[in-house]
$ cat structure-v7.cif   # mmCIF, C-alpha atoms
data_start
#
loop_
_atom_site.group_PDB
_atom_site.id
_atom_site.type_symbol
_atom_site.label_atom_id
_atom_site.label_comp_id
_atom_site.auth_asym_id
_atom_site.auth_seq_id
_atom_site.Cartn_x
_atom_site.Cartn_y
_atom_site.Cartn_z
ATOM 1 C CA MET C 2 80.208 218.698 102.335
ATOM 2 C CA SER C 3 79.330 222.101 103.761
ATOM 3 C CA LEU C 4 77.841 221.710 107.205
ATOM 4 C CA PRO C 5 77.040 224.051 110.074
ATOM 5 C CA ALA C 6 79.743 223.643 112.712
ATOM 6 C CA GLU C 7 77.251 223.541 115.531
ATOM 7 C CA ILE C 8 73.540 223.361 116.151
ATOM 8 C CA ARG C 9 72.204 224.706 119.432
ATOM 9 C CA LEU C 10 69.024 223.355 120.943
ATOM 10 C CA ARG C 11 67.093 224.211 124.074
ATOM 11 C CA PRO C 12 65.140 221.493 125.887
ATOM 12 C CA ILE C 13 61.359 221.821 125.616
ATOM 13 C CA GLY C 14 60.849 219.925 128.851
ATOM 14 C CA CYS C 15 61.878 216.806 130.720
ATOM 15 C CA VAL C 16 60.909 213.218 131.401
ATOM 16 C CA ARG C 17 59.730 212.019 134.797
ATOM 17 C CA SER C 18 60.403 208.309 134.986
ATOM 18 C CA PRO C 19 60.824 205.629 137.652
ATOM 19 C CA PHE C 20 64.477 205.157 136.625
ATOM 20 C CA HIS C 21 67.264 206.846 138.546
ATOM 21 C CA ASP C 22 70.134 204.649 137.424
ATOM 22 C CA PRO C 23 70.867 203.242 133.940
ATOM 23 C CA ALA C 24 71.044 199.735 135.488
ATOM 24 C CA GLU C 25 67.307 199.952 136.298
ATOM 25 C CA ILE C 26 66.280 200.349 132.655
ATOM 26 C CA PRO C 27 65.304 197.081 130.924
ATOM 27 C CA LYS C 28 67.788 196.373 128.101
ATOM 28 C CA GLY C 29 68.652 193.720 125.598
ATOM 29 C CA LYS C 30 66.908 190.512 124.663
ATOM 30 C CA GLY C 31 63.217 190.548 125.425
ATOM 31 C CA ALA C 32 63.327 193.895 127.237
ATOM 32 C CA LYS C 33 59.843 195.323 127.632
ATOM 33 C CA HIS C 34 59.322 199.003 127.995
ATOM 34 C CA GLU C 35 56.055 199.221 129.886
ATOM 35 C CA ALA C 36 57.132 201.779 132.460
ATOM 36 C CA GLU C 37 54.852 204.757 132.909
ATOM 37 C CA GLY C 38 56.059 208.284 133.349
ATOM 38 C CA THR C 39 55.341 211.837 132.343
ATOM 39 C CA ILE C 40 56.727 214.332 129.884
ATOM 40 C CA GLU C 41 56.584 217.798 131.393
ATOM 41 C CA LEU C 42 56.860 220.578 128.869
ATOM 42 C CA ARG C 43 57.943 224.079 129.743
ATOM 43 C CA PRO C 44 54.589 225.659 130.620
ATOM 44 C CA GLU C 45 54.954 228.417 128.019
ATOM 45 C CA LEU C 46 54.923 225.753 125.276
ATOM 46 C CA VAL C 47 51.556 224.260 126.274
ATOM 47 C CA GLU C 48 49.768 225.556 123.166
ATOM 48 C CA GLY C 49 52.091 223.389 121.076
ATOM 49 C CA LEU C 50 50.292 220.315 122.474
ATOM 50 C CA ARG C 51 46.844 221.239 121.107
ATOM 51 C CA ASP C 52 45.143 218.140 119.636
ATOM 52 C CA ILE C 53 48.009 215.835 120.568
ATOM 53 C CA GLU C 54 45.545 213.669 122.541
ATOM 54 C CA GLY C 55 44.266 212.257 119.251
ATOM 55 C CA PHE C 56 47.487 210.334 118.695
ATOM 56 C CA SER C 57 48.007 207.015 120.408
ATOM 57 C CA HIS C 58 51.797 207.074 120.124
ATOM 58 C CA LEU C 59 54.460 209.766 120.012
ATOM 59 C CA PHE C 60 58.096 209.978 119.063
ATOM 60 C CA VAL C 61 60.172 211.577 121.795
ATOM 61 C CA ILE C 62 63.573 212.952 120.815
ATOM 62 C CA TRP C 63 65.661 213.458 123.917
ATOM 63 C CA CYS C 64 69.192 213.985 125.159
ATOM 64 C CA PHE C 65 71.429 211.459 126.908
ATOM 65 C CA ASP C 66 72.471 214.186 129.316
ATOM 66 C CA ARG C 67 74.409 211.878 131.631
ATOM 67 C CA SER C 68 76.540 210.379 128.876
ATOM 68 C CA GLU C 69 79.936 211.854 128.002
ATOM 69 C CA GLY C 70 81.996 211.225 124.916
ATOM 70 C CA PHE C 71 81.336 208.579 122.292
ATOM 71 C CA ASP C 72 82.672 205.383 120.727
ATOM 72 C CA LEU C 73 82.342 204.524 117.047
ATOM 73 C CA LEU C 74 82.015 200.854 117.978
ATOM 74 C CA SER C 75 79.725 199.626 120.719
ATOM 75 C CA GLN C 76 78.982 196.201 122.139
ATOM 76 C CA PRO C 77 75.439 196.110 123.526
ATOM 77 C CA PRO C 78 74.645 193.572 126.282
ATOM 78 C CA ASN C 79 72.887 191.256 123.812
ATOM 79 C CA ALA C 80 75.638 191.335 121.154
ATOM 80 C CA ASP C 81 78.522 188.889 120.710
ATOM 81 C CA ARG C 82 80.792 191.453 119.058
ATOM 82 C CA PRO C 83 81.040 195.221 118.643
ATOM 83 C CA HIS C 84 78.814 196.945 116.112
ATOM 84 C CA GLY C 85 78.959 200.429 114.661
ATOM 85 C CA VAL C 86 77.371 202.895 117.064
ATOM 86 C CA PHE C 87 74.796 203.918 114.415
ATOM 87 C CA ALA C 88 73.637 200.281 114.294
ATOM 88 C CA THR C 89 72.959 200.387 118.046
ATOM 89 C CA ARG C 90 71.072 202.485 120.591
ATOM 90 C CA SER C 91 74.208 203.125 122.662
ATOM 91 C CA PRO C 92 74.116 206.375 124.668
ATOM 92 C CA ARG C 93 77.768 207.046 123.752
ATOM 93 C CA ARG C 94 77.017 208.516 120.307
ATOM 94 C CA PRO C 95 78.618 211.426 118.413
ATOM 95 C CA ASN C 96 75.448 213.395 119.202
ATOM 96 C CA PRO C 97 73.854 212.183 122.448
ATOM 97 C CA LEU C 98 70.343 211.934 121.019
ATOM 98 C CA GLY C 99 67.807 209.369 122.172
ATOM 99 C CA LEU C 100 64.600 208.378 120.418
ATOM 100 C CA THR C 101 61.705 206.582 122.077
ATOM 101 C CA VAL C 102 58.209 205.709 120.929
ATOM 102 C CA VAL C 103 55.784 206.156 123.824
ATOM 103 C CA GLU C 104 52.094 205.465 124.135
ATOM 104 C CA LEU C 105 50.145 208.579 125.087
ATOM 105 C CA LEU C 106 47.844 207.837 128.028
ATOM 106 C CA GLY C 107 46.555 211.329 128.732
ATOM 107 C CA ARG C 108 47.317 214.991 129.114
ATOM 108 C CA GLU C 109 46.887 217.491 131.913
ATOM 109 C CA GLY C 110 47.899 220.906 130.564
ATOM 110 C CA HIS C 111 51.605 220.852 129.789
ATOM 111 C CA VAL C 112 52.097 217.348 131.236
ATOM 112 C CA LEU C 113 51.695 214.179 129.157
ATOM 113 C CA ARG C 114 51.202 210.813 130.843
ATOM 114 C CA VAL C 115 52.926 208.142 128.776
ATOM 115 C CA ARG C 116 53.784 204.452 128.766
ATOM 116 C CA GLY C 117 57.039 203.025 127.477
ATOM 117 C CA VAL C 118 59.626 205.380 128.966
ATOM 118 C CA ASP C 119 63.201 204.108 128.878
ATOM 119 C CA MET C 120 64.854 207.344 129.921
ATOM 120 C CA LEU C 121 66.314 208.337 133.272
ATOM 121 C CA ASP C 122 64.270 210.630 135.485
ATOM 122 C CA GLY C 123 64.995 214.253 134.592
ATOM 123 C CA THR C 124 66.096 213.548 131.019
ATOM 124 C CA PRO C 125 65.807 216.663 128.800
ATOM 125 C CA VAL C 126 63.302 216.377 125.949
ATOM 126 C CA LEU C 127 64.089 218.128 122.658
ATOM 127 C CA ASP C 128 61.048 217.399 120.497
ATOM 128 C CA LEU C 129 57.772 215.492 120.255
ATOM 129 C CA LYS C 130 56.193 214.285 117.035
ATOM 130 C CA PRO C 131 53.138 212.194 116.222
ATOM 131 C CA TYR C 132 53.902 208.580 115.399
ATOM 132 C CA LEU C 133 52.101 208.169 112.099
ATOM 133 C CA SER C 134 52.810 204.889 110.439
ATOM 134 C CA SER C 135 54.722 201.702 110.713
ATOM 135 C CA VAL C 136 56.926 199.730 108.404
ATOM 136 C CA PRO C 137 55.053 196.515 107.579
ATOM 137 C CA ALA C 138 56.496 193.639 109.603
ATOM 138 C CA GLU C 139 57.275 191.622 106.478
ATOM 139 C CA LYS C 140 59.484 194.408 105.130
ATOM 140 C CA LEU C 141 61.546 194.834 108.306
ATOM 141 C CA ARG C 142 65.033 193.337 108.791
ATOM 142 C CA ARG C 143 66.553 193.693 112.219
ATOM 143 C CA GLY C 144 70.255 193.235 111.436
ATOM 144 C CA TRP C 145 72.553 191.856 114.122
ATOM 145 C CA LEU C 146 69.622 191.786 116.541
ATOM 146 C CA THR C 147 68.172 188.863 114.604
ATOM 147 C CA GLU C 148 71.329 186.819 115.229
ATOM 148 C CA ALA C 149 71.370 188.001 118.833
ATOM 149 C CA GLY C 150 67.905 186.479 119.171
ATOM 150 C CA ALA C 151 66.491 189.688 120.563
ATOM 151 C CA MET D 1 62.258 221.540 136.305
ATOM 152 C CA SER D 2 66.051 221.776 136.107
ATOM 153 C CA LEU D 3 67.146 221.680 132.507
ATOM 154 C CA PRO D 4 70.375 222.405 130.660
ATOM 155 C CA ALA D 5 70.064 225.827 129.023
ATOM 156 C CA GLU D 6 71.523 224.639 125.773
ATOM 157 C CA ILE D 7 72.601 221.456 124.040
ATOM 158 C CA ARG D 8 75.200 221.718 121.295
ATOM 159 C CA LEU D 9 75.331 219.196 118.490
ATOM 160 C CA ARG D 10 77.603 218.789 115.511
ATOM 161 C CA PRO D 11 76.232 217.280 112.295
ATOM 162 C CA ILE D 12 77.515 213.791 111.514
ATOM 163 C CA GLY D 13 76.928 214.279 107.801
ATOM 164 C CA CYS D 14 74.372 215.436 105.294
ATOM 165 C CA VAL D 15 71.575 214.275 103.018
ATOM 166 C CA ARG D 16 71.861 214.307 99.241
ATOM 167 C CA SER D 17 68.344 214.426 97.847
ATOM 168 C CA PRO D 18 66.604 215.422 94.615
ATOM 169 C CA PHE D 19 64.814 218.277 96.451
ATOM 170 C CA HIS D 20 66.163 221.809 96.277
ATOM 171 C CA ASP D 21 63.006 223.660 97.265
ATOM 172 C CA PRO D 22 60.449 222.776 99.969
ATOM 173 C CA ALA D 23 57.686 222.988 97.326
ATOM 174 C CA GLU D 24 59.173 219.926 95.577
ATOM 175 C CA ILE D 25 58.726 217.657 98.594
ATOM 176 C CA PRO D 26 55.503 215.607 98.542
ATOM 177 C CA LYS D 27 53.303 216.654 101.497
ATOM 178 C CA GLY D 28 49.878 216.075 102.909
ATOM 179 C CA LYS D 29 47.190 213.626 101.968
ATOM 180 C CA GLY D 30 48.486 210.552 100.196
ATOM 181 C CA ALA D 31 52.042 211.880 99.926
ATOM 182 C CA LYS D 32 54.441 209.075 99.065
ATOM 183 C CA HIS D 33 58.050 209.318 100.023
ATOM 184 C CA GLU D 34 59.757 207.118 97.478
ATOM 185 C CA ALA D 35 62.565 209.474 96.543
ATOM 186 C CA GLU D 36 66.047 208.029 96.615
ATOM 187 C CA GLY D 37 69.046 209.832 97.956
ATOM 188 C CA THR D 38 72.181 209.344 99.984
ATOM 189 C CA ILE D 39 73.315 210.048 103.498
ATOM 190 C CA GLU D 40 76.962 211.035 103.481
ATOM 191 C CA LEU D 41 78.641 210.748 106.838
ATOM 192 C CA ARG D 42 81.797 212.622 107.757
ATOM 193 C CA PRO D 43 84.456 210.149 106.575
ATOM 194 C CA GLU D 44 86.075 209.895 110.022
ATOM 195 C CA LEU D 45 82.827 208.402 111.383
ATOM 196 C CA VAL D 46 82.711 205.483 108.905
ATOM 197 C CA GLU D 47 83.470 202.865 111.581
ATOM 198 C CA GLY D 48 80.190 203.850 113.265
ATOM 199 C CA LEU D 49 78.333 202.276 110.318
ATOM 200 C CA ARG D 50 79.737 198.761 110.813
ATOM 201 C CA ASP D 51 76.937 196.161 110.389
ATOM 202 C CA ILE D 52 74.311 198.779 109.571
ATOM 203 C CA GLU D 53 73.653 196.942 106.261
ATOM 204 C CA GLY D 54 71.728 194.299 108.212
ATOM 205 C CA PHE D 55 68.889 196.718 108.931
ATOM 206 C CA SER D 56 66.246 197.345 106.311
ATOM 207 C CA HIS D 57 65.135 200.698 107.730
ATOM 208 C CA LEU D 58 66.808 203.492 109.665
ATOM 209 C CA PHE D 59 65.680 206.469 111.677
ATOM 210 C CA VAL D 60 67.378 209.657 110.530
ATOM 211 C CA ILE D 61 67.372 212.581 112.950
ATOM 212 C CA TRP D 62 68.205 215.754 111.069
ATOM 213 C CA CYS D 63 68.041 219.525 111.261
ATOM 214 C CA PHE D 64 65.622 221.852 109.447
ATOM 215 C CA ASP D 65 68.555 224.147 108.713
ATOM 216 C CA ARG D 66 66.602 226.449 106.374
ATOM 217 C CA SER D 67 63.799 227.089 108.860
ATOM 218 C CA GLU D 68 63.910 230.058 111.224
ATOM 219 C CA GLY D 69 61.824 230.662 114.293
ATOM 220 C CA PHE D 70 58.809 228.636 115.366
ATOM 221 C CA ASP D 71 55.069 228.758 115.916
ATOM 222 C CA LEU D 72 53.224 226.911 118.692
ATOM 223 C CA LEU D 73 50.261 226.394 116.369
ATOM 224 C CA SER D 74 50.625 225.188 112.825
ATOM 225 C CA GLN D 75 48.145 224.529 110.034
ATOM 226 C CA PRO D 76 49.494 221.817 107.720
ATOM 227 C CA PRO D 77 48.241 221.764 104.094
ATOM 228 C CA ASN D 78 45.877 218.864 104.826
ATOM 229 C CA ALA D 79 44.363 220.352 108.017
ATOM 230 C CA ASP D 80 41.189 222.421 108.334
ATOM 231 C CA ARG D 81 42.378 224.248 111.430
ATOM 232 C CA PRO D 82 45.624 224.908 113.331
ATOM 233 C CA HIS D 83 47.050 222.166 115.522
ATOM 234 C CA GLY D 84 49.755 222.275 118.172
ATOM 235 C CA VAL D 85 53.174 222.129 116.539
ATOM 236 C CA PHE D 86 54.018 218.936 118.458
ATOM 237 C CA ALA D 87 51.002 217.273 116.827
ATOM 238 C CA THR D 88 52.433 218.118 113.386
ATOM 239 C CA ARG D 89 55.643 217.705 111.408
ATOM 240 C CA SER D 90 55.970 221.445 110.801
ATOM 241 C CA PRO D 91 59.554 222.647 110.281
ATOM 242 C CA ARG D 92 58.862 225.718 112.432
ATOM 243 C CA ARG D 93 59.368 223.930 115.768
ATOM 244 C CA PRO D 94 60.982 225.101 119.025
ATOM 245 C CA ASN D 95 63.935 222.833 118.119
ATOM 246 C CA PRO D 96 64.250 222.442 114.341
ATOM 247 C CA LEU D 97 64.599 218.654 114.419
ATOM 248 C CA GLY D 98 63.324 216.393 111.663
ATOM 249 C CA LEU D 99 62.795 212.649 111.849
ATOM 250 C CA THR D 100 62.489 210.391 108.831
ATOM 251 C CA VAL D 101 62.335 206.626 108.433
ATOM 252 C CA VAL D 102 64.300 205.605 105.347
ATOM 253 C CA GLU D 103 64.811 202.250 103.691
ATOM 254 C CA LEU D 104 68.479 201.336 103.480
ATOM 255 C CA LEU D 105 69.352 200.242 99.944
ATOM 256 C CA GLY D 106 73.109 199.891 100.267
ATOM 257 C CA ARG D 107 76.344 201.293 101.576
ATOM 258 C CA GLU D 108 79.588 202.363 99.976
ATOM 259 C CA GLY D 109 82.001 203.298 102.758
ATOM 260 C CA HIS D 110 80.666 206.365 104.552
ATOM 261 C CA VAL D 111 77.783 206.822 102.087
ATOM 262 C CA LEU D 112 74.386 205.175 102.548
ATOM 263 C CA ARG D 113 71.971 204.835 99.654
ATOM 264 C CA VAL D 114 68.414 205.204 100.939
ATOM 265 C CA ARG D 115 64.817 205.427 99.774
ATOM 266 C CA GLY D 116 62.213 207.666 101.344
ATOM 267 C CA VAL D 117 64.062 210.953 101.738
ATOM 268 C CA ASP D 118 61.870 213.979 102.415
ATOM 269 C CA MET D 119 64.671 216.392 103.236
ATOM 270 C CA LEU D 120 66.168 219.157 101.136
ATOM 271 C CA ASP D 121 69.515 218.495 99.469
ATOM 272 C CA GLY D 122 72.330 219.356 101.878
ATOM 273 C CA THR D 123 70.291 218.884 105.056
ATOM 274 C CA PRO D 124 72.538 218.266 108.098
ATOM 275 C CA VAL D 125 72.120 214.845 109.718
ATOM 276 C CA LEU D 126 72.494 214.557 113.480
ATOM 277 C CA ASP D 127 72.033 210.853 114.179
ATOM 278 C CA LEU D 128 71.160 207.489 112.657
ATOM 279 C CA LYS D 129 69.532 204.619 114.522
ATOM 280 C CA PRO D 130 68.242 201.206 113.510
ATOM 281 C CA TYR D 131 64.480 201.027 113.080
ATOM 282 C CA LEU D 132 63.602 198.056 115.234
ATOM 283 C CA SER D 133 59.929 197.537 115.631
ATOM 284 C CA SER D 134 56.562 198.896 114.757
ATOM 285 C CA VAL D 135 53.441 199.721 116.669
ATOM 286 C CA PRO D 136 50.785 197.206 115.566
ATOM 287 C CA ALA D 137 48.354 198.852 113.138
ATOM 288 C CA GLU D 138 45.365 198.028 115.328
ATOM 289 C CA LYS D 139 46.883 199.966 118.239
ATOM 290 C CA LEU D 140 47.651 203.114 116.263
ATOM 291 C CA ARG D 141 45.455 206.227 116.341
ATOM 292 C CA ARG D 142 46.400 209.006 113.956
ATOM 293 C CA GLY D 143 44.695 212.000 115.574
ATOM 294 C CA TRP D 144 43.592 214.922 113.423
ATOM 295 C CA LEU D 145 45.089 213.171 110.403
ATOM 296 C CA THR D 146 42.242 210.663 110.528
ATOM 297 C CA GLU D 147 39.683 213.455 110.164
ATOM 298 C CA ALA D 148 41.834 215.067 107.479
ATOM 299 C CA GLY D 149 41.507 211.826 105.531
ATOM 300 C CA ALA D 150 45.250 211.548 105.107
#
$ encode --input "structure-v7.cif" --output "structure tokens"
Amino acid sequence: MSLPAEIRLRPIGCVRSPFHDPAEIPKGKGAKHEAEGTIELRPELVEGLRDIEGFSHLFVIWCFDRSEGFDLLSQPPNADRPHGVFATRSPRRPNPLGLTVVELLGREGHVLRVRGVDMLDGTPVLDLKPYLSSVPAEKLRRGWLTEAGA
Amino acid sequence: MSLPAEIRLRPIGCVRSPFHDPAEIPKGKGAKHEAEGTIELRPELVEGLRDIEGFSHLFVIWCFDRSEGFDLLSQPPNADRPHGVFATRSPRRPNPLGLTVVELLGREGHVLRVRGVDMLDGTPVLDLKPYLSSVPAEKLRRGWLTEAGA
């Protein structure tokens, strides 16, 4: 396997959310992510948002910037035993990347109003992409989360 | 906006796919991503895959490592005019991050067999996450792609 040793990214903007402490973010069984917030892009990137209003939902790729180090096994609050970190959404991952689907409520210039934020206020955003299609419900298996009743 | 100047990531592994040239990857209207391939993690990360077999689909966050530079506007093959890069899946993005949903077919140690790869062979992988839920079809709007008939 020949891999680049390092990939360097620069945030395109940040999240403004009502959450200032990880404990405030709904987690685990039955957690609903209905919180509203904004995604503020660096103003010089505003042209990159042209026509984004046509999409109802966006993928946000972001950085767990207040997480340090990682564990290969993680026991989420709704789990009865540890699971591999790649089978969880733990912040303590080899690369501290987060992924959230948000509903796009509106745009004012370089600022997107969104619903469904589960990031801390000030979280750096690395990329935005249109959410295009879904896996049909009947084809989806939800692994240990099924047992956990979540 | 106070943002970290730079975020450094190290690939967790790479994609093995049948595609060696971007032209071989199905794109645009009606493109189906049924190609099978593997995701080979760095062997020392194998424990991070524990219980991942229970999930039918995974998010793969990866790096467009053969793309250089970016454009704020991009005209995909199925578009009749340029759109903001964040409203497209163009590889020429401010951060060269790709996101693909794959179906997990099986695992042998640190190697995952998957269906639905749309990456070039050798593409660095940055993170894997379980695909947990879908936006209901009736709530999804697909922006300029609707007009494009894709």
$ resolve_selection --input "structure-v7.cif" --expression "the PyMOL selection byres ((chain D and resi 44-46) around 7)" --output "PDB file with C-alpha atoms, keeping the file's coordinate frame"
ATOM      1  CA  LEU C  73      82.342 204.524 117.047  1.00  0.00           C
TER       2      LEU C  73
ATOM      3  CA  LEU D  41      78.641 210.748 106.838  1.00  0.00           C
ATOM      4  CA  ARG D  42      81.797 212.622 107.757  1.00  0.00           C
ATOM      5  CA  PRO D  43      84.456 210.149 106.575  1.00  0.00           C
ATOM      6  CA  GLU D  47      83.470 202.865 111.581  1.00  0.00           C
ATOM      7  CA  GLY D  48      80.190 203.850 113.265  1.00  0.00           C
ATOM      8  CA  LEU D  49      78.333 202.276 110.318  1.00  0.00           C
ATOM      9  CA  GLY D 109      82.001 203.298 102.758  1.00  0.00           C
ATOM     10  CA  HIS D 110      80.666 206.365 104.552  1.00  0.00           C
TER      11      HIS D 110
END
$ resolve_selection --input "structure-v7.cif" --expression "the PyMOL selection byres ((chain D) within 7 of (chain C))" --output "number ranges by chain"
D: 3, 5-11, 45, 47-52, 54-57, 72-73, 83-89, 95, 124, 126-130, 132, 134-135, 140-144
$ resolve_selection --input "structure-v7.cif" --expression "the PyMOL selection byres ((chain C and resi 118) around 8)" --output "ChimeraX atom specification"
/C:18,34-38,101,103,115-117,119-120
$ calpha_fit_and_write --input "structure-v7.cif" --fixed "chain D" --moving "chain C" --output "tab-separated table (two decimals) with C-alpha atoms, in the coordinates of the input"
chain	number	residue	atom	x	y	z
C	2	MET	CA	62.28	221.50	136.32
C	3	SER	CA	66.06	221.78	136.12
C	4	LEU	CA	67.17	221.69	132.51
C	5	PRO	CA	70.40	222.42	130.67
C	6	ALA	CA	70.06	225.83	129.03
C	7	GLU	CA	71.53	224.63	125.78
C	8	ILE	CA	72.60	221.47	124.05
C	9	ARG	CA	75.20	221.72	121.30
C	10	LEU	CA	75.33	219.20	118.50
C	11	ARG	CA	77.60	218.78	115.51
C	12	PRO	CA	76.23	217.28	112.29
C	13	ILE	CA	77.52	213.79	111.51
C	14	GLY	CA	76.92	214.27	107.81
C	15	CYS	CA	74.36	215.45	105.29
C	16	VAL	CA	71.57	214.27	103.02
C	17	ARG	CA	71.84	214.32	99.24
C	18	SER	CA	68.34	214.43	97.85
C	19	PRO	CA	66.59	215.42	94.63
C	20	PHE	CA	64.81	218.28	96.45
C	21	HIS	CA	66.14	221.82	96.27
C	22	ASP	CA	62.99	223.66	97.27
C	23	PRO	CA	60.45	222.77	99.99
C	24	ALA	CA	57.68	222.98	97.34
C	25	GLU	CA	59.18	219.92	95.59
C	26	ILE	CA	58.72	217.65	98.60
C	27	PRO	CA	55.50	215.59	98.56
C	28	LYS	CA	53.30	216.66	101.50
C	29	GLY	CA	49.88	216.07	102.92
C	30	LYS	CA	47.17	213.63	101.98
C	31	GLY	CA	48.48	210.57	100.21
C	32	ALA	CA	52.04	211.88	99.95
C	33	LYS	CA	54.45	209.08	99.10
C	34	HIS	CA	58.05	209.32	100.04
C	35	GLU	CA	59.75	207.11	97.48
C	36	ALA	CA	62.55	209.47	96.55
C	37	GLU	CA	66.04	208.03	96.61
C	38	GLY	CA	69.04	209.84	97.95
C	39	THR	CA	72.18	209.35	99.98
C	40	ILE	CA	73.31	210.05	103.50
C	41	GLU	CA	76.96	211.04	103.48
C	42	LEU	CA	78.65	210.75	106.83
C	43	ARG	CA	81.79	212.61	107.75
C	44	PRO	CA	84.44	210.14	106.57
C	45	GLU	CA	86.06	209.90	110.01
C	46	LEU	CA	82.81	208.41	111.37
C	47	VAL	CA	82.71	205.50	108.91
C	48	GLU	CA	83.45	202.87	111.57
C	49	GLY	CA	80.19	203.85	113.26
C	50	LEU	CA	78.32	202.27	110.32
C	51	ARG	CA	79.73	198.75	110.82
C	52	ASP	CA	76.94	196.16	110.39
C	53	ILE	CA	74.32	198.77	109.56
C	54	GLU	CA	73.64	196.95	106.26
C	55	GLY	CA	71.72	194.30	108.20
C	56	PHE	CA	68.89	196.72	108.92
C	57	SER	CA	66.24	197.34	106.31
C	58	HIS	CA	65.14	200.69	107.73
C	59	LEU	CA	66.80	203.49	109.67
C	60	PHE	CA	65.68	206.46	111.68
C	61	VAL	CA	67.37	209.65	110.54
C	62	ILE	CA	67.36	212.58	112.95
C	63	TRP	CA	68.18	215.75	111.08
C	64	CYS	CA	68.03	219.53	111.27
C	65	PHE	CA	65.63	221.84	109.45
C	66	ASP	CA	68.55	224.14	108.72
C	67	ARG	CA	66.60	226.44	106.40
C	68	SER	CA	63.80	227.08	108.87
C	69	GLU	CA	63.92	230.07	111.23
C	70	GLY	CA	61.83	230.66	114.30
C	71	PHE	CA	58.81	228.64	115.37
C	72	ASP	CA	55.05	228.76	115.91
C	73	LEU	CA	53.24	226.91	118.69
C	74	LEU	CA	50.28	226.40	116.36
C	75	SER	CA	50.64	225.18	112.81
C	76	GLN	CA	48.17	224.52	110.02
C	77	PRO	CA	49.51	221.82	107.71
C	78	PRO	CA	48.26	221.76	104.09
C	79	ASN	CA	45.90	218.85	104.82
C	80	ALA	CA	44.38	220.35	108.00
C	81	ASP	CA	41.21	222.42	108.32
C	82	ARG	CA	42.40	224.25	111.43
C	83	PRO	CA	45.63	224.90	113.32
C	84	HIS	CA	47.06	222.17	115.51
C	85	GLY	CA	49.75	222.28	118.16
C	86	VAL	CA	53.17	222.14	116.54
C	87	PHE	CA	54.03	218.94	118.46
C	88	ALA	CA	51.01	217.27	116.81
C	89	THR	CA	52.44	218.11	113.38
C	90	ARG	CA	55.65	217.70	111.39
C	91	SER	CA	55.97	221.45	110.79
C	92	PRO	CA	59.57	222.64	110.26
C	93	ARG	CA	58.87	225.72	112.42
C	94	ARG	CA	59.37	223.93	115.77
C	95	PRO	CA	60.99	225.11	119.02
C	96	ASN	CA	63.92	222.84	118.13
C	97	PRO	CA	64.25	222.45	114.35
C	98	LEU	CA	64.59	218.66	114.44
C	99	GLY	CA	63.32	216.40	111.68
C	100	LEU	CA	62.79	212.66	111.85
C	101	THR	CA	62.48	210.38	108.84
C	102	VAL	CA	62.33	206.62	108.44
C	103	VAL	CA	64.30	205.60	105.36
C	104	GLU	CA	64.81	202.26	103.70
C	105	LEU	CA	68.48	201.33	103.48
C	106	LEU	CA	69.35	200.25	99.93
C	107	GLY	CA	73.10	199.89	100.27
C	108	ARG	CA	76.34	201.30	101.58
C	109	GLU	CA	79.58	202.37	99.97
C	110	GLY	CA	81.99	203.30	102.77
C	111	HIS	CA	80.66	206.36	104.54
C	112	VAL	CA	77.77	206.83	102.08
C	113	LEU	CA	74.37	205.17	102.55
C	114	ARG	CA	71.96	204.85	99.64
C	115	VAL	CA	68.41	205.21	100.94
C	116	ARG	CA	64.81	205.42	99.79
C	117	GLY	CA	62.20	207.66	101.35
C	118	VAL	CA	64.06	210.95	101.74
C	119	ASP	CA	61.87	213.98	102.41
C	120	MET	CA	64.66	216.38	103.25
C	121	LEU	CA	66.17	219.15	101.15
C	122	ASP	CA	69.50	218.50	99.48
C	123	GLY	CA	72.33	219.38	101.88
C	124	THR	CA	70.29	218.90	105.05
C	125	PRO	CA	72.53	218.26	108.10
C	126	VAL	CA	72.12	214.84	109.72
C	127	LEU	CA	72.49	214.56	113.50
C	128	ASP	CA	72.03	210.85	114.18
C	129	LEU	CA	71.15	207.48	112.66
C	130	LYS	CA	69.52	204.62	114.53
C	131	PRO	CA	68.23	201.20	113.50
C	132	TYR	CA	64.48	201.02	113.06
C	133	LEU	CA	63.61	198.05	115.24
C	134	SER	CA	59.93	197.55	115.64
C	135	SER	CA	56.57	198.90	114.75
C	136	VAL	CA	53.45	199.71	116.67
C	137	PRO	CA	50.80	197.20	115.59
C	138	ALA	CA	48.39	198.84	113.15
C	139	GLU	CA	45.39	198.04	115.34
C	140	LYS	CA	46.89	199.96	118.25
C	141	LEU	CA	47.66	203.12	116.27
C	142	ARG	CA	45.46	206.25	116.33
C	143	ARG	CA	46.39	209.01	113.94
C	144	GLY	CA	44.69	212.01	115.57
C	145	TRP	CA	43.60	214.92	113.39
C	146	LEU	CA	45.10	213.17	110.37
C	147	THR	CA	42.26	210.65	110.49
C	148	GLU	CA	39.70	213.45	110.12
C	149	ALA	CA	41.85	215.06	107.44
C	150	GLY	CA	41.55	211.80	105.51
C	151	ALA	CA	45.29	211.54	105.11
$ axis_aligned_box --input "structure-v7.cif" --around "range 54-67 of chain D" --padding-each-side "5 Å" --output "AutoDock Vina command-line options"
--center_x 67.8 --center_y 210.7 --center_z 109.6 --size_x 17.9 --size_y 42.8 --size_z 16.6
$ atom_distance --input "structure-v7.cif" --atom1 "CA of Val61 in chain C" --atom2 "CA of Pro92 in chain C"
15.2 Å
$ atom_distance --input "structure-v7.cif" --atom1 "CA of Trp62 in chain D" --atom2 "CA of Arg107 in chain D"
19.1 Å
$ atom_distance --input "structure-v7.cif" --atom1 "CA of Ala79 in chain D" --atom2 "CA of Thr39 in chain C"
28.0 Å
$ closest_residue --input "structure-v7.cif" --among "D:Gln75, D:Leu120, D:Val111, D:Phe64" --to "His20 in chain D" --atoms "all atoms listed in the file"
D:Leu120
